[in-house]
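These notes are about the structure you will find just below.
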Protein chains: 2
Amino acid sequence: MNIQNASQATGLPPKTIRYYEEIGLIAPSRTENGYRHFGDADLNALRFLASARGLGFKLEQCRQLLALQTDPARKSADVKRIAQGRLADLEETARRIEIMRGELNRMIRACPGNDEPGCAIINRLSSTT
Amino acid sequence: MNIQNASQATGLPPKTIRYYEEIGLIAPSRTENGYRHFGDADLNALRFLASARGLGFKLEQCRQLLALQTDPARKSADVKRIAQGRLADLEETARRIEIMRGELNRMIRACPGNDEPGCAIINRLSSTT
DNA sequence: GATAAGGCTTCCAGCTACTGGAAGCTCAAG
DNA sequence: CTTGAGCTTCCAGTAGCTGGAAGCCTTATC
């Protein structure tokens, strides 16, 4: 299977797949002509990566998870810890987003949104408080 | 006021202030010895930028907002449109975060987190579905 | 006056996770 | 034989800083 097909099979763009190889997340073999060849193990790794990235894991976390996946002596506690770390990040981000959303909503409601210069948003951004 | 003081007055690191000058968001004057001099206008701009960045506006949006702030003929509708754009981004991000959070939570609950290899998280990431 | 510490300057590199594009090799079809 | 598609590598750029090196300026101390 060449890179185009691997791309279709995993939903990852060819550029991304090459990048994952470059940073050592995958190591597809090569055919005589120098083309990458993707076997089942490569496709599994790529799908795994696509899933993990879809949950927002960083590539370094993906690397760890991938190592754990292929380690028959892994402890599920190690996996869980990584996932909990990601969840914590997510919740931290969610909190910050809620704060921004509240602020922005208030400002937007207070702004007339007409042809005049008077604007609560500008005032709020300009205020020293 | 030199850059250190401007930093303390605005909460922005000196590096960031220099970067903002580099990309043309501010244009502090220079003293004889080449040091940056921050006047009231510069400090106001920096505080404005700090506030806007705190709400997650991108630097290009900050640039537009800054231009609107100093434009006496601005229309508050233009400001409002930018703020609504940011709010829309925020809500889109919040939705995606909620989805990830739900998935992760489910996976984490299903993972024993012990010394055994069996792990729902790995299984879910490895599954083709 | 010498010297050391600290602040200022610029410039270069690196971070995350790709993405776009150029130059060039390979392969299949007509 | 040529054309077009697909593959390769390499370089550069994205956002918004951040760290660090090398070197000038200023102030304090001896």
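In the structure tokens, the first chain shown is A, the next is B, and so on; residue numbers restart at 1 for each chain, and ligands run from 1 in the order shown.
Using only C-alpha atoms (C1' of nucleotides), one finds that the residues of chain A close to chain D, at 10 Å or less, are Asn2, Ile3, Gln4, Asn33, Gly34, Tyr35 and Arg36 of chain A.
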Worksheet entry | Shell around Leu49 in chain B at 12 Å using only C-alpha atoms (C1' of nucleotides), local window under 3 positions removed, as a PyMOL selection string | (chain A and resi 122+124-128) or (chain B and resi 10-12+16-17+20-21+25-26+42-46+52-67+69)
Fill in: Those of range 17-94 of chain A in DSSP strand (DSSP E or B), formatted as a count of residues only
4
Worksheet item: If we count only C-alpha atoms, which residues of chain A reach to within 7 Å of chain B? Please list them as a ChimeraX atom specification.
Response: /A:48,51-52,55,69,72-77,80,83,87,90,94,97,100-101,104,108,111-119,122,125-126
Selection above as a file: N, CA and C atoms, as a compact mmCIF listing (two decimals), in the first residue's frame:
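Output contents, as saved in selection39.txt:
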```
# COMPACT_ATOMS: atom_id res chain seq x y z
N PHE A 48 -4.21 4.51 14.99
CA PHE A 48 -4.06 4.81 16.42
C PHE A 48 -3.71 6.28 16.62
N SER A 51 -6.66 8.54 15.93
CA SER A 51 -7.62 8.55 17.05
C SER A 51 -7.10 9.41 18.20
N ALA A 52 -5.85 9.17 18.55
CA ALA A 52 -5.28 9.88 19.69
C ALA A 52 -5.22 11.38 19.42
N LEU A 55 -8.39 13.12 19.91
CA LEU A 55 -8.73 13.42 21.30
C LEU A 55 -7.81 14.50 21.85
N GLN A 69 0.93 0.68 23.69
CA GLN A 69 0.07 -0.24 22.93
C GLN A 69 0.82 -1.50 22.53
N PRO A 72 3.48 -5.65 25.59
CA PRO A 72 2.59 -6.64 26.20
C PRO A 72 2.66 -6.61 27.73
N ALA A 73 3.71 -6.01 28.26
CA ALA A 73 3.85 -5.95 29.72
C ALA A 73 3.42 -4.60 30.27
N ARG A 74 2.66 -3.86 29.49
CA ARG A 74 2.23 -2.53 29.97
C ARG A 74 1.31 -2.66 31.16
N LYS A 75 1.24 -1.58 31.92
CA LYS A 75 0.29 -1.50 33.03
C LYS A 75 -0.76 -0.48 32.63
N SER A 76 -2.00 -0.85 32.78
CA SER A 76 -3.06 0.06 32.34
C SER A 76 -3.02 1.36 33.16
N ALA A 77 -2.41 1.30 34.32
CA ALA A 77 -2.30 2.52 35.13
C ALA A 77 -1.48 3.58 34.41
N LYS A 80 -3.66 5.10 31.81
CA LYS A 80 -4.68 5.92 32.46
C LYS A 80 -4.12 7.27 32.90
N ALA A 83 -3.96 9.59 30.01
CA ALA A 83 -5.30 10.06 29.62
C ALA A 83 -5.82 11.07 30.63
N LEU A 87 -7.06 14.88 30.09
CA LEU A 87 -8.36 15.34 30.57
C LEU A 87 -8.20 16.60 31.42
N LEU A 90 -7.67 19.51 29.25
CA LEU A 90 -8.93 19.83 28.59
C LEU A 90 -9.83 20.64 29.53
N ALA A 94 -11.17 24.36 29.17
CA ALA A 94 -12.60 24.62 29.19
C ALA A 94 -12.93 25.74 30.17
N ILE A 97 -11.94 29.02 28.71
CA ILE A 97 -12.86 29.39 27.64
C ILE A 97 -14.16 29.95 28.21
N MET A 100 -13.64 33.53 29.26
CA MET A 100 -13.58 34.43 28.10
C MET A 100 -14.96 34.60 27.49
N ARG A 101 -15.68 33.50 27.39
CA ARG A 101 -16.99 33.55 26.78
C ARG A 101 -17.94 34.47 27.55
N LEU A 104 -16.83 38.11 26.96
CA LEU A 104 -17.13 38.54 25.61
C LEU A 104 -18.63 38.74 25.42
N ILE A 108 -20.32 42.17 24.27
CA ILE A 108 -21.06 42.23 23.01
C ILE A 108 -22.48 42.74 23.25
N CYS A 111 -22.55 46.48 23.57
CA CYS A 111 -22.13 47.28 22.41
C CYS A 111 -23.30 47.49 21.47
N PRO A 112 -23.61 48.74 21.14
CA PRO A 112 -24.77 49.01 20.30
C PRO A 112 -24.65 48.37 18.90
N GLY A 113 -23.44 48.35 18.36
CA GLY A 113 -23.28 47.75 17.03
C GLY A 113 -23.91 48.59 15.93
N ASN A 114 -23.72 49.89 16.04
CA ASN A 114 -24.29 50.78 15.03
C ASN A 114 -23.19 51.60 14.34
N ASP A 115 -23.58 52.76 13.75
CA ASP A 115 -22.60 53.58 13.03
C ASP A 115 -21.87 54.58 13.92
N GLU A 116 -22.17 54.57 15.21
CA GLU A 116 -21.54 55.51 16.12
C GLU A 116 -20.26 54.92 16.71
N PRO A 117 -19.36 55.78 17.16
CA PRO A 117 -18.08 55.29 17.71
C PRO A 117 -18.19 54.71 19.12
N GLY A 118 -19.19 55.12 19.88
CA GLY A 118 -19.28 54.66 21.26
C GLY A 118 -19.40 53.15 21.34
N CYS A 119 -18.48 52.53 22.09
CA CYS A 119 -18.43 51.07 22.07
C CYS A 119 -17.94 50.50 23.39
N ILE A 122 -14.59 48.41 23.13
CA ILE A 122 -13.38 49.24 23.13
C ILE A 122 -13.13 49.80 24.52
N LEU A 125 -11.72 47.12 26.75
CA LEU A 125 -10.34 46.76 26.41
C LEU A 125 -9.37 47.89 26.77
N SER A 126 -9.88 49.11 26.78
CA SER A 126 -9.03 50.25 27.07
C SER A 126 -8.91 50.51 28.57
```
Item to complete: Would you mind writing down, as a VMD selection string, each residue of chain B that DSSP on the backbone assigns to alpha helix (DSSP H)?
Response: chain B and resid 3 to 10 14 to 22 40 to 54 59 to 69 76 to 110 120 to 126
Report as a tab-separated table: every residue of chain C with an atom at most 8 Å from chain A, its closest pair of atoms, and their distance in Å to one decimal, counting only C-alpha atoms (C1' of nucleotides), with rows sorted by chain and ascending residue number.
```
residue	atom	partner	partner_atom	distance
C:DC18	C1'	A:Thr16	CA	6.6
C:DT19	C1'	A:Lys15	CA	7.5
C:DT26	C1'	A:Asn33	CA	7.3
```
Worksheet item: So what do you get for CA of Arg18 in chain B versus CA of Gly85 in chain B, distance-wise?
Response: 27.6 Å
